[in-house]
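Enquirer: Sharing coords_33.tsv, TSV, C-alpha atoms and all ligand atoms:
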chain	number	residue	atom	x	y	z
X	226	MET	CA	0.00	0.00	0.00
X	227	LYS	CA	1.03	3.61	-0.45
X	228	ILE	CA	0.24	5.35	2.81
X	229	GLY	CA	0.34	9.10	3.49
X	230	ILE	CA	0.95	9.96	7.16
X	231	VAL	CA	0.14	13.39	8.56
X	232	CYS	CA	1.32	14.19	12.07
X	233	TYR	CA	3.00	16.75	14.30
X	234	PRO	CA	6.73	16.32	13.77
X	235	THR	CA	7.60	17.22	17.38
X	236	PHE	CA	8.59	15.22	20.47
X	237	GLY	CA	4.90	14.80	21.47
X	238	GLY	CA	3.47	11.30	21.76
X	239	SER	CA	1.23	11.52	18.70
X	240	GLY	CA	4.17	12.40	16.46
X	241	VAL	CA	6.27	9.62	17.96
X	242	VAL	CA	3.52	7.03	17.43
X	243	ALA	CA	2.94	8.22	13.84
X	244	THR	CA	6.66	8.11	13.06
X	245	GLU	CA	7.27	4.68	14.58
X	246	LEU	CA	4.16	3.41	12.78
X	247	GLY	CA	5.36	4.74	9.43
X	248	LEU	CA	8.80	3.21	9.89
X	249	GLU	CA	7.37	-0.17	10.80
X	250	LEU	CA	4.91	-0.06	7.89
X	251	SER	CA	7.80	0.63	5.55
X	252	LYS	CA	9.66	-2.41	6.94
X	253	ARG	CA	6.53	-4.43	6.22
X	254	GLY	CA	6.76	-3.44	2.54
X	255	HIS	CA	4.48	-0.42	2.36
X	256	GLU	CA	5.49	2.86	0.75
X	257	VAL	CA	5.15	5.55	3.39
X	258	HIS	CA	4.91	9.30	2.80
X	259	PHE	CA	5.21	11.62	5.79
X	260	ILE	CA	3.56	14.94	5.00
X	261	THR	CA	4.25	17.53	7.67
X	262	TYR	CA	5.90	20.91	8.30
X	263	ASN	CA	9.20	19.51	9.57
X	264	GLN	CA	10.96	16.21	9.44
X	265	PRO	CA	9.53	14.21	12.39
X	266	VAL	CA	12.09	14.09	15.21
X	267	ARG	CA	12.28	10.31	15.36
X	268	LEU	CA	12.36	9.88	11.59
X	269	GLU	CA	15.57	8.61	10.12
X	270	LEU	CA	15.18	8.32	6.37
X	271	ILE	CA	16.99	5.04	6.17
X	272	SER	CA	14.69	3.21	3.81
X	273	ASN	CA	13.79	3.98	0.22
X	274	ASN	CA	10.21	3.11	1.19
X	275	VAL	CA	10.03	6.21	3.39
X	276	HIS	CA	9.51	9.68	1.99
X	277	TYR	CA	9.18	13.03	3.68
X	278	HIS	CA	7.33	15.93	2.05
X	279	GLU	CA	7.51	19.30	3.74
X	280	VAL	CA	4.47	21.53	4.00
X	281	ASN	CA	5.55	25.13	3.51
X	282	VAL	CA	3.39	28.00	4.65
X	283	PRO	CA	4.49	31.22	2.97
X	284	GLU	CA	4.47	34.20	5.34
X	285	TYR	CA	2.22	37.00	4.23
X	286	PRO	CA	1.97	40.11	6.41
X	287	LEU	CA	-1.75	40.54	5.77
X	288	PHE	CA	-2.44	37.35	7.66
X	289	HIS	CA	-2.49	37.54	11.42
X	290	TYR	CA	-2.48	33.70	11.34
X	291	GLN	CA	-0.80	31.86	8.48
X	292	PRO	CA	-3.26	29.36	6.89
X	293	TYR	CA	-1.51	26.04	7.65
X	294	GLU	CA	-4.62	23.90	6.99
X	295	LEU	CA	-4.87	25.36	3.48
X	296	ALA	CA	-1.21	24.66	2.72
X	297	LEU	CA	-1.54	21.15	4.15
X	298	SER	CA	-4.68	20.36	2.11
X	299	SER	CA	-2.99	21.56	-1.07
X	300	LYS	CA	0.14	19.55	-0.31
X	301	LEU	CA	-1.97	16.45	0.34
X	302	VAL	CA	-3.72	16.88	-3.01
X	303	ASP	CA	-0.38	17.22	-4.81
X	304	MET	CA	1.27	14.29	-3.04
X	305	VAL	CA	-1.70	11.94	-3.49
X	306	LYS	CA	-1.68	12.70	-7.21
X	307	LEU	CA	2.09	12.55	-7.64
X	308	TYR	CA	2.72	9.34	-5.69
X	309	LYS	CA	-0.68	7.72	-6.21
X	310	ILE	CA	-1.17	7.42	-2.47
X	311	ASP	CA	-3.89	4.89	-1.59
X	312	ILE	CA	-4.85	6.06	1.88
X	313	LEU	CA	-4.21	8.99	4.22
X	314	HIS	CA	-3.67	8.35	7.92
X	315	VAL	CA	-3.88	11.55	9.95
X	316	HIS	CA	-2.71	11.68	13.56
X	317	TYR	CA	-4.32	14.21	15.91
X	318	ALA	CA	-7.66	15.54	14.74
X	319	ILE	CA	-6.78	19.23	14.82
X	320	PRO	CA	-6.32	20.41	12.12
X	321	HIS	CA	-5.19	17.27	10.30
X	322	ALA	CA	-8.55	15.51	9.93
X	323	TYR	CA	-10.11	18.73	8.71
X	324	ALA	CA	-7.33	19.41	6.18
X	325	ALA	CA	-7.48	15.81	4.95
X	326	TYR	CA	-11.23	16.07	4.40
X	327	MET	CA	-10.71	19.17	2.27
X	328	ALA	CA	-8.01	17.38	0.27
X	329	LYS	CA	-10.30	14.40	-0.23
X	330	LYS	CA	-13.05	16.69	-1.56
X	331	MET	CA	-10.66	18.47	-3.93
X	332	LEU	CA	-9.34	15.16	-5.24
X	333	ARG	CA	-12.88	13.88	-5.70
X	334	GLU	CA	-13.48	16.75	-8.13
X	335	GLU	CA	-10.71	15.25	-10.25
X	336	GLY	CA	-12.09	11.71	-10.02
X	337	ILE	CA	-9.52	10.54	-7.48
X	338	PHE	CA	-10.67	8.81	-4.33
X	339	VAL	CA	-8.53	8.62	-1.20
X	340	PRO	CA	-9.96	7.43	2.12
X	341	ILE	CA	-8.96	8.98	5.43
X	342	VAL	CA	-8.12	7.23	8.68
X	343	THR	CA	-8.06	9.56	11.67
X	344	THR	CA	-6.30	8.60	14.90
X	345	LEU	CA	-7.34	10.52	18.00
X	346	HIS	CA	-4.48	10.90	20.45
X	347	GLY	CA	-5.77	12.71	23.49
X	348	THR	CA	-5.63	16.45	23.87
X	349	ASP	CA	-7.21	16.81	20.41
X	350	ILE	CA	-10.32	15.52	22.21
X	351	THR	CA	-9.96	16.16	25.93
X	352	LEU	CA	-8.33	19.61	26.11
X	353	VAL	CA	-8.28	21.37	22.76
X	354	GLY	CA	-10.89	19.76	20.51
X	355	ASN	CA	-13.56	20.04	23.10
X	356	HIS	CA	-13.25	23.84	23.20
X	357	PRO	CA	-16.42	25.44	21.77
X	358	PHE	CA	-14.30	27.33	19.21
X	359	TYR	CA	-13.14	24.05	17.66
X	360	LYS	CA	-15.87	21.57	18.54
X	361	PRO	CA	-18.09	21.83	15.40
X	362	ALA	CA	-15.10	21.42	13.06
X	363	VAL	CA	-13.64	18.55	15.10
X	364	THR	CA	-17.01	16.74	15.26
X	365	PHE	CA	-17.48	17.22	11.53
X	366	SER	CA	-14.03	15.97	10.56
X	367	ILE	CA	-14.23	12.90	12.82
X	368	ASN	CA	-17.63	12.00	11.37
X	369	LYS	CA	-16.36	12.52	7.84
X	370	SER	CA	-13.30	10.27	8.30
X	371	ASP	CA	-13.58	6.85	6.67
X	372	ALA	CA	-12.20	5.16	9.79
X	373	VAL	CA	-11.46	6.50	13.26
X	374	THR	CA	-9.16	5.06	15.89
X	375	ALA	CA	-8.46	6.10	19.47
X	376	VAL	CA	-5.39	5.12	21.49
X	377	SER	CA	-7.34	3.82	24.50
X	378	GLU	CA	-10.80	2.75	25.64
X	379	SER	CA	-10.77	5.80	27.88
X	380	LEU	CA	-10.20	8.15	24.94
X	381	LYS	CA	-12.87	6.39	22.91
X	382	ASN	CA	-15.34	6.88	25.76
X	383	ASP	CA	-14.33	10.53	26.18
X	384	THR	CA	-14.84	11.11	22.46
X	385	LEU	CA	-18.30	9.53	22.50
X	386	ARG	CA	-19.21	11.48	25.64
X	387	LEU	CA	-17.97	14.87	24.48
X	388	PHE	CA	-18.85	14.82	20.76
X	389	ASP	CA	-21.83	13.77	18.70
X	390	ILE	CA	-20.05	10.92	16.89
X	391	LYS	CA	-21.80	8.86	14.27
X	392	ARG	CA	-18.85	6.61	13.39
X	393	GLU	CA	-17.43	3.51	14.94
X	394	ILE	CA	-14.24	4.16	16.86
X	395	ASN	CA	-11.64	1.36	16.94
X	396	VAL	CA	-9.23	1.26	19.85
X	397	VAL	CA	-5.65	0.72	18.74
X	398	PRO	CA	-3.32	1.30	21.69
X	399	ASN	CA	0.10	2.90	21.59
X	400	PHE	CA	2.85	0.40	20.89
X	401	ILE	CA	6.53	-0.09	21.49
X	402	ASP	CA	9.54	-1.52	19.72
X	403	LEU	CA	10.74	-3.82	22.48
X	404	THR	CA	14.11	-4.38	20.87
X	405	LYS	CA	14.93	-0.70	21.45
X	406	TYR	CA	14.28	-0.92	25.16
X	407	HIS	CA	16.49	-3.64	26.58
X	408	ASP	CA	16.19	-4.83	30.16
X	409	HIS	CA	19.70	-3.63	30.89
X	410	PHE	CA	22.22	-2.01	28.63
X	411	ASN	CA	25.81	-3.03	29.14
X	412	ASP	CA	26.78	0.57	28.44
X	413	CYS	CA	24.12	1.95	30.73
X	414	GLN	CA	26.43	4.61	32.20
X	415	ARG	CA	24.48	4.73	35.43
X	416	SER	CA	27.62	5.61	37.34
X	417	MET	CA	27.89	8.88	35.41
X	418	MET	CA	24.44	9.96	36.59
X	419	ALA	CA	24.27	8.84	40.22
X	420	LYS	CA	26.14	7.19	43.06
X	421	PRO	CA	25.52	3.42	43.50
X	422	GLU	CA	23.39	3.97	46.61
X	423	GLU	CA	21.15	6.57	44.93
X	424	ARG	CA	17.83	5.60	43.37
X	425	ILE	CA	17.15	7.24	40.01
X	426	VAL	CA	13.66	8.65	39.50
X	427	THR	CA	12.70	9.89	36.02
X	428	HIS	CA	10.01	12.04	34.43
X	429	ILE	CA	9.72	12.59	30.68
X	430	SER	CA	7.20	14.97	29.13
X	431	ASN	CA	6.70	18.21	27.26
X	432	LEU	CA	6.57	19.96	30.66
X	433	ARG	CA	3.10	21.36	30.02
X	434	PRO	CA	0.71	22.17	32.90
X	435	VAL	CA	-1.32	19.01	32.04
X	436	LYS	CA	1.69	16.91	33.09
X	437	ARG	CA	1.66	18.38	36.64
X	438	VAL	CA	5.44	18.55	36.81
X	439	GLN	CA	5.14	20.32	40.17
X	440	ASP	CA	3.73	17.05	41.54
X	441	VAL	CA	6.81	15.29	40.19
X	442	ILE	CA	8.93	17.70	42.20
X	443	SER	CA	6.80	17.25	45.34
X	444	VAL	CA	7.00	13.47	45.16
X	445	PHE	CA	10.72	13.54	44.48
X	446	TYR	CA	11.25	16.00	47.34
X	447	ASN	CA	9.53	13.54	49.70
X	448	ILE	CA	11.50	10.57	48.34
X	449	GLN	CA	14.90	12.19	48.73
X	450	LYS	CA	14.09	13.05	52.38
X	451	GLU	CA	13.83	9.30	53.04
X	452	MET	CA	16.60	7.88	50.87
X	453	PRO	CA	19.45	8.97	48.57
X	454	ALA	CA	17.93	9.77	45.17
X	455	LYS	CA	18.34	11.70	41.94
X	456	LEU	CA	15.66	13.02	39.59
X	457	MET	CA	16.09	13.01	35.80
X	458	LEU	CA	13.78	15.55	34.17
X	459	VAL	CA	13.59	15.02	30.43
X	460	GLY	CA	11.84	17.42	28.04
X	461	GLU	CA	11.28	21.09	27.47
X	462	GLY	CA	8.18	23.17	27.95
X	463	PRO	CA	6.44	26.07	29.61
X	464	GLU	CA	6.75	24.70	33.17
X	465	ARG	CA	10.54	24.34	33.09
X	466	GLU	CA	11.45	27.73	34.59
X	467	LYS	CA	8.94	27.43	37.42
X	468	VAL	CA	10.16	23.92	38.14
X	469	GLU	CA	13.80	25.01	38.28
X	470	LEU	CA	12.88	27.82	40.65
X	471	ARG	CA	10.95	25.48	42.91
X	472	CYS	CA	13.86	23.01	43.02
X	473	LYS	CA	16.13	25.85	44.12
X	474	GLU	CA	13.64	26.98	46.78
X	475	LEU	CA	13.35	23.43	48.11
X	476	GLY	CA	17.13	23.04	48.15
X	477	ILE	CA	17.09	20.01	45.84
X	478	TYR	CA	18.46	21.64	42.69
X	479	GLU	CA	21.72	19.64	42.91
X	480	LYS	CA	19.75	16.40	42.92
X	481	VAL	CA	17.75	17.21	39.78
X	482	VAL	CA	19.27	16.73	36.34
X	483	PHE	CA	17.54	18.70	33.58
X	484	LEU	CA	18.24	16.74	30.42
X	485	GLY	CA	16.16	18.82	27.98
X	486	LYS	CA	14.75	17.32	24.79
X	487	SER	CA	16.34	13.99	24.08
X	488	ASN	CA	16.32	11.35	21.39
X	489	GLU	CA	18.06	8.96	23.79
X	490	ILE	CA	15.08	8.07	25.95
X	491	ASP	CA	16.09	4.39	25.95
X	492	LYS	CA	19.52	5.23	27.39
X	493	ILE	CA	18.04	7.44	30.11
X	494	LEU	CA	15.44	4.85	31.03
X	495	CYS	CA	17.99	2.06	31.22
X	496	TYR	CA	19.46	3.52	34.40
X	497	SER	CA	16.12	4.62	35.90
X	498	ASP	CA	14.54	2.90	38.90
X	499	LEU	CA	11.15	4.59	38.88
X	500	PHE	CA	9.07	6.68	36.47
X	501	LEU	CA	6.68	9.42	37.59
X	502	LEU	CA	3.63	10.40	35.51
X	503	PRO	CA	1.18	12.38	37.67
X	504	SER	CA	-0.72	13.90	34.69
X	505	GLU	CA	-4.01	15.73	34.99
X	506	ALA	CA	-5.15	14.08	31.72
X	507	GLU	CA	-3.48	11.31	29.73
X	508	SER	CA	-5.25	9.36	27.01
X	509	PHE	CA	-2.73	6.52	27.18
X	510	GLY	CA	0.68	7.56	28.50
X	511	LEU	CA	3.23	6.49	25.91
X	512	ALA	CA	6.00	7.70	28.20
X	513	ALA	CA	4.86	5.21	30.86
X	514	LEU	CA	4.93	2.40	28.29
X	515	GLU	CA	8.44	3.41	27.21
X	516	ALA	CA	9.51	3.29	30.86
X	517	MET	CA	7.92	-0.11	31.41
X	518	SER	CA	9.64	-1.47	28.30
X	519	SER	CA	12.89	-0.54	29.97
X	520	SER	CA	11.83	-2.39	33.13
X	521	VAL	CA	11.00	0.80	35.01
X	522	PRO	CA	7.94	0.69	37.32
X	523	VAL	CA	5.51	3.61	37.13
X	524	ILE	CA	3.97	5.84	39.79
X	525	SER	CA	1.17	7.70	38.05
X	526	SER	CA	-2.15	9.38	38.41
X	527	ASN	CA	-5.24	7.41	37.47
X	528	ALA	CA	-6.24	9.94	34.79
X	529	GLY	CA	-7.69	8.86	31.44
X	530	GLY	CA	-6.23	5.71	29.95
X	531	ILE	CA	-3.16	5.32	32.18
X	532	SER	CA	-4.78	2.39	33.98
X	533	GLU	CA	-4.87	0.56	30.64
X	534	VAL	CA	-1.07	0.41	30.70
X	535	ASN	CA	0.08	0.87	34.32
X	536	LYS	CA	-1.40	-1.96	36.40
X	537	GLN	CA	-2.12	-1.20	40.05
X	538	GLY	CA	0.23	-3.09	42.38
X	539	VAL	CA	1.84	-4.96	39.48
X	540	THR	CA	3.77	-2.57	37.26
X	541	GLY	CA	3.48	0.34	39.70
X	542	PHE	CA	0.71	2.28	41.40
X	543	LEU	CA	-1.98	4.79	40.45
X	544	SER	CA	-3.29	7.59	42.66
X	545	ASN	CA	-5.88	10.30	42.31
X	546	VAL	CA	-4.65	13.37	40.43
X	547	GLY	CA	-2.74	15.61	42.84
X	548	ASP	CA	-2.48	13.07	45.66
X	549	VAL	CA	1.27	13.47	46.10
X	550	ASP	CA	1.22	11.85	49.55
X	551	ASP	CA	-0.18	8.62	48.14
X	552	MET	CA	2.28	8.77	45.24
X	553	THR	CA	5.15	9.26	47.70
X	554	LYS	CA	3.99	6.35	49.86
X	555	ASN	CA	3.79	4.08	46.81
X	556	ALA	CA	7.13	5.25	45.43
X	557	LEU	CA	8.90	4.53	48.71
X	558	TYR	CA	7.18	1.15	48.99
X	559	ILE	CA	8.75	0.15	45.69
X	560	LEU	CA	12.11	1.85	46.08
X	561	LYS	CA	12.95	0.89	49.65
X	562	ASP	CA	13.06	-2.85	49.11
X	563	GLU	CA	15.53	-4.14	46.52
X	564	LYS	CA	13.72	-7.44	46.02
X	565	ARG	CA	10.36	-5.74	45.62
X	566	LEU	CA	11.85	-3.19	43.22
X	567	ASN	CA	13.17	-6.01	41.06
X	568	THR	CA	9.77	-7.72	41.03
X	569	PHE	CA	8.08	-4.49	39.89
X	570	LYS	CA	10.78	-4.01	37.25
X	571	ALA	CA	10.21	-7.50	35.84
X	572	ASN	CA	6.42	-7.02	35.91
X	573	ALA	CA	6.74	-3.70	34.07
X	574	ARG	CA	8.74	-5.26	31.26
X	575	ALA	CA	6.35	-8.24	31.04
X	576	GLU	CA	3.27	-5.98	30.81
X	577	ALA	CA	4.94	-3.79	28.17
X	578	LYS	CA	5.26	-6.85	25.94
X	579	LYS	CA	1.49	-6.73	25.41
X	580	PHE	CA	2.04	-3.55	23.43
X	581	ASP	CA	4.70	-4.95	21.11
X	582	LEU	CA	4.61	-3.19	17.74
X	583	HIS	CA	4.43	-6.55	16.01
X	584	THR	CA	1.04	-7.07	17.64
X	585	ILE	CA	-0.34	-3.55	17.23
X	586	VAL	CA	0.86	-2.39	13.78
X	587	PRO	CA	-1.04	-5.18	11.98
X	588	GLN	CA	-4.20	-3.76	13.57
X	589	TYR	CA	-3.62	-0.52	11.64
X	590	GLU	CA	-2.89	-2.48	8.47
X	591	ALA	CA	-6.18	-4.35	8.88
X	592	ILE	CA	-8.01	-1.04	9.29
X	593	TYR	CA	-6.41	0.33	6.10
X	594	GLU	CA	-7.37	-2.78	4.15
X	595	ASP	CA	-10.89	-2.82	5.53
X	596	THR	CA	-11.36	0.89	4.80
X	597	LEU	CA	-10.08	0.58	1.25
X	598	THR	CA	-12.31	-2.43	0.59
X	599	LYS	CA	-15.40	-0.73	2.03
X	600	CYS	CA	-14.74	2.50	0.15
X	601	LEU	CA	-14.19	0.71	-3.17
X	602	VAL	CA	-17.54	-1.05	-2.79
X	603	LEU	CA	-19.39	2.25	-2.23
X	701	LIG	O1	0.81	14.61	26.05
X	701	LIG	C1	1.78	14.58	25.29
X	701	LIG	O2	2.90	14.39	25.71
X	701	LIG	C2	1.63	14.83	23.84
X	701	LIG	C3	0.39	14.24	23.29
X	701	LIG	C4	0.36	14.39	21.78
X	701	LIG	O3	-0.74	14.54	21.32
X	701	LIG	O4	1.35	14.32	21.08
X	701	LIG	O5	0.28	12.88	23.66
X	701	LIG	C5	-0.97	12.25	23.53
X	701	LIG	O6	-0.80	11.19	22.59
X	701	LIG	C6	0.04	10.12	23.04
X	701	LIG	C7	0.20	9.14	21.89
X	701	LIG	O7	-1.01	8.59	21.51
X	701	LIG	C8	-0.55	9.50	24.30
X	701	LIG	O8	0.25	8.43	24.74
X	701	LIG	C9	-0.61	10.58	25.39
X	701	LIG	O9	-1.21	10.03	26.53
X	701	LIG	C10	-1.46	11.74	24.89
X	701	LIG	N1	-1.40	12.85	25.87
X	701	LIG	C11	-2.48	13.25	26.56
X	701	LIG	O10	-3.58	12.73	26.46
X	701	LIG	C12	-2.24	14.38	27.49
Could you spell out this file's structure in structure tokens?
Ligand code: GMT

Expert:
Amino acid sequence: MKIGIVCYPTFGGSGVVATELGLELSKRGHEVHFITYNQPVRLELISNNVHYHEVNVPEYPLFHYQPYELALSSKLVDMVKLYKIDILHVHYAIPHAYAAYMAKKMLREEGIFVPIVTTLHGTDITLVGNHPFYKPAVTFSINKSDAVTAVSESLKNDTLRLFDIKREINVVPNFIDLTKYHDHFNDCQRSMMAKPEERIVTHISNLRPVKRVQDVISVFYNIQKEMPAKLMLVGEGPEREKVELRCKELGIYEKVVFLGKSNEIDKILCYSDLFLLPSEAESFGLAALEAMSSSVPVISSNAGGISEVNKQGVTGFLSNVGDVDDMTKNALYILKDEKRLNTFKANARAEAKKFDLHTIVPQYEAIYEDTLTKCLVL
């Protein structure tokens, strides 16, 4: 199949999933075309089955906002025609599903038919899409997609609750390439990051308010009062300055390593003992799955779909959003006992195996095939 993938090219989970999906599809013999405004951060153009087409939005001073959707729709039309793309898979409803629908309509005028699969990732439904300013357009473009997927049961239910949806929504969870996340690297370089007696606690996110990074700091502050520990904070975002300030105020700045944006998540996770994800909202929690794949137990909130990946008392613990005391208690329970920590580590890795890309990617392939068959019949 020739598959066009539209996504955000940034470090966010939806872009990562879309990129990893495209790469795996290309390994499985499909021709994949990424159509986006920058080369996706995890995309290495190593295969001649993978193409990247940049969407350019010319600046024009008359426009207060540059019309990205328009440029994207036009690019989609051109690329579908040029490469004879069979199907478009758009990740994150806003504005991708809307732009794809416009492209589909334009192509239809020329007698070309291209179906659209839309994958809902989370904030496109729970935080942004639900805003009254966007809601009619998001509802319309979901209903007009030829197939719709959501990354968790929780997100599917949120979508059905918040929008007037007339389409079936298939749940296809986030997935992981288990070979990338080994149980233990030989070159783990733990000794460069912490002393042998220190436990390493890690948080990875885009440091947005929804991630509640201040709760990460509170939990870590409590942990390090009880035992030697270091915190690895990975990612960049609007909360970073406030977080740095708070660490200084609490006198723990020396124990917190700010690693910024990183493409070496697997290396960081390989020396981590515990992962913190106290998010306010989280449709799935790809970061938690990445941690678990590296045998790192997870202390998280119970928001959204996190419970579909982090299993209470098995791979870690879940608490109510903002309950940092409960999170601290659970973190110490795992960290204080070496044997228990190792059991949680093994459980985390075992649970992550359920989300192996070799199990999940074929689900997308089946949806493409089914959509193409149905659309050809109509
Ligand atoms: O929350 C993020 O870090 C970014 C966001 C995105 O849209 O890129 O992630 C969302 O999609 C991921 C991949 O499907 C999910 O694993 C995340 O849980 C989801 N984030 C939220 O729902 C807040």

Enquirer: Within 12 Å of Pro434 (chain X), counting all atoms listed in the file, which residues qualify if same-chain residues fewer than 5 places away don't, as a list in words?

Expert: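 These residues fall inside the cut-off: Leu352, Gln439, Asp440, Val441, Glu461, Gly462, Pro463, Glu464, Arg465, Lys467, Val468, Pro503, Ser504, Glu505 and Ala506 of chain X.
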
Enquirer: Go through X:Val534, X:Leu297, X:Val482, X:Val305 one by one, measure the shortest atom-to-atom distance of each to ligand LIG 701 (chain X) using only C-alpha atoms and all ligand atoms, and give the residue with the smallest value.

Expert: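 Distance minimum relative to ligand LIG 701 (chain X) lands on X:Val534.
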
Enquirer: Given the choices X:Met417, X:Ala573, X:Ile448, X:Ile429, which gets closest to ligand LIG 701 (chain X) if the distance is worked out from only C-alpha atoms and all ligand atoms?

Expert: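 Closest to ligand LIG 701 (chain X), using only C-alpha atoms and all ligand atoms: X:Ile429.
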
Enquirer: Hey, can I get the axis-aligned box for ligand LIG 701 (chain X)? All listed atoms, 4 Å padding on each side, centre and edge lengths in Å to one decimal, as AutoDock Vina command-line options.

Expert:
--center_x -0.3 --center_y 11.6 --center_z 24.3 --size_x 14.5 --size_y 14.4 --size_z 14.4

Enquirer: Could you give me the residues within 8 Å of ligand LIG 701 (chain X), counting only C-alpha atoms and all ligand atoms, as a PyMOL selection string?

Expert: chain X and resi 233+235-242+317+345-349+351+376+398-399+430-431+435-436+504-512+529-531

Enquirer: Keeping only C-alpha atoms, write the selected residues to a file as a PDB file, in the frame of the given file.

Expert:
ATOM      1  CA  TYR X 233       3.000  16.750  14.300  1.00  0.00           C
ATOM      2  CA  THR X 235       7.600  17.220  17.380  1.00  0.00           C
ATOM      3  CA  PHE X 236       8.590  15.220  20.470  1.00  0.00           C
ATOM      4  CA  GLY X 237       4.900  14.800  21.470  1.00  0.00           C
ATOM      5  CA  GLY X 238       3.470  11.300  21.760  1.00  0.00           C
ATOM      6  CA  SER X 239       1.230  11.520  18.700  1.00  0.00           C
ATOM      7  CA  GLY X 240       4.170  12.400  16.460  1.00  0.00           C
ATOM      8  CA  VAL X 241       6.270   9.620  17.960  1.00  0.00           C
ATOM      9  CA  VAL X 242       3.520   7.030  17.430  1.00  0.00           C
ATOM     10  CA  TYR X 317      -4.320  14.210  15.910  1.00  0.00           C
ATOM     11  CA  LEU X 345      -7.340  10.520  18.000  1.00  0.00           C
ATOM     12  CA  HIS X 346      -4.480  10.900  20.450  1.00  0.00           C
ATOM     13  CA  GLY X 347      -5.770  12.710  23.490  1.00  0.00           C
ATOM     14  CA  THR X 348      -5.630  16.450  23.870  1.00  0.00           C
ATOM     15  CA  ASP X 349      -7.210  16.810  20.410  1.00  0.00           C
ATOM     16  CA  THR X 351      -9.960  16.160  25.930  1.00  0.00           C
ATOM     17  CA  VAL X 376      -5.390   5.120  21.490  1.00  0.00           C
ATOM     18  CA  PRO X 398      -3.320   1.300  21.690  1.00  0.00           C
ATOM     19  CA  ASN X 399       0.100   2.900  21.590  1.00  0.00           C
ATOM     20  CA  SER X 430       7.200  14.970  29.130  1.00  0.00           C
ATOM     21  CA  ASN X 431       6.700  18.210  27.260  1.00  0.00           C
ATOM     22  CA  VAL X 435      -1.320  19.010  32.040  1.00  0.00           C
ATOM     23  CA  LYS X 436       1.690  16.910  33.090  1.00  0.00           C
ATOM     24  CA  SER X 504      -0.720  13.900  34.690  1.00  0.00           C
ATOM     25  CA  GLU X 505      -4.010  15.730  34.990  1.00  0.00           C
ATOM     26  CA  ALA X 506      -5.150  14.080  31.720  1.00  0.00           C
ATOM     27  CA  GLU X 507      -3.480  11.310  29.730  1.00  0.00           C
ATOM     28  CA  SER X 508      -5.250   9.360  27.010  1.00  0.00           C
ATOM     29  CA  PHE X 509      -2.730   6.520  27.180  1.00  0.00           C
ATOM     30  CA  GLY X 510       0.680   7.560  28.500  1.00  0.00           C
ATOM     31  CA  LEU X 511       3.230   6.490  25.910  1.00  0.00           C
ATOM     32  CA  ALA X 512       6.000   7.700  28.200  1.00  0.00           C
ATOM     33  CA  GLY X 529      -7.690   8.860  31.440  1.00  0.00           C
ATOM     34  CA  GLY X 530      -6.230   5.710  29.950  1.00  0.00           C
ATOM     35  CA  ILE X 531      -3.160   5.320  32.180  1.00  0.00           C
TER      36      ILE X 531
END

Enquirer: Report the distance between CA of Pro357 (chain X) and CA of Asp389 (chain X) in Å, rounded to one decimal place.

Expert: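 Separation of CA of Pro357 (chain X) and CA of Asp389 (chain X): 13.2 Å.
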
Enquirer: What does the distance between CA of Lys381 (chain X) and CA of Thr540 (chain X) come to in Å, to one decimal place?

Expert: 23.7 Å

Enquirer: So, with all atoms listed in the file as the atoms that count, which of X:Ile230, X:Met418, X:Ile493, X:Leu295 lies closest to Ile310 (chain X)?

Expert: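 Under the stated criterion, the closest residue is X:Ile230.
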
Enquirer: So what do you get for CA of Leu332 (chain X) versus CA of Asp371 (chain X), distance-wise?

Expert: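 CA of Asp371 (chain X) lies at a distance of 15.1 Å from CA of Leu332 (chain X).
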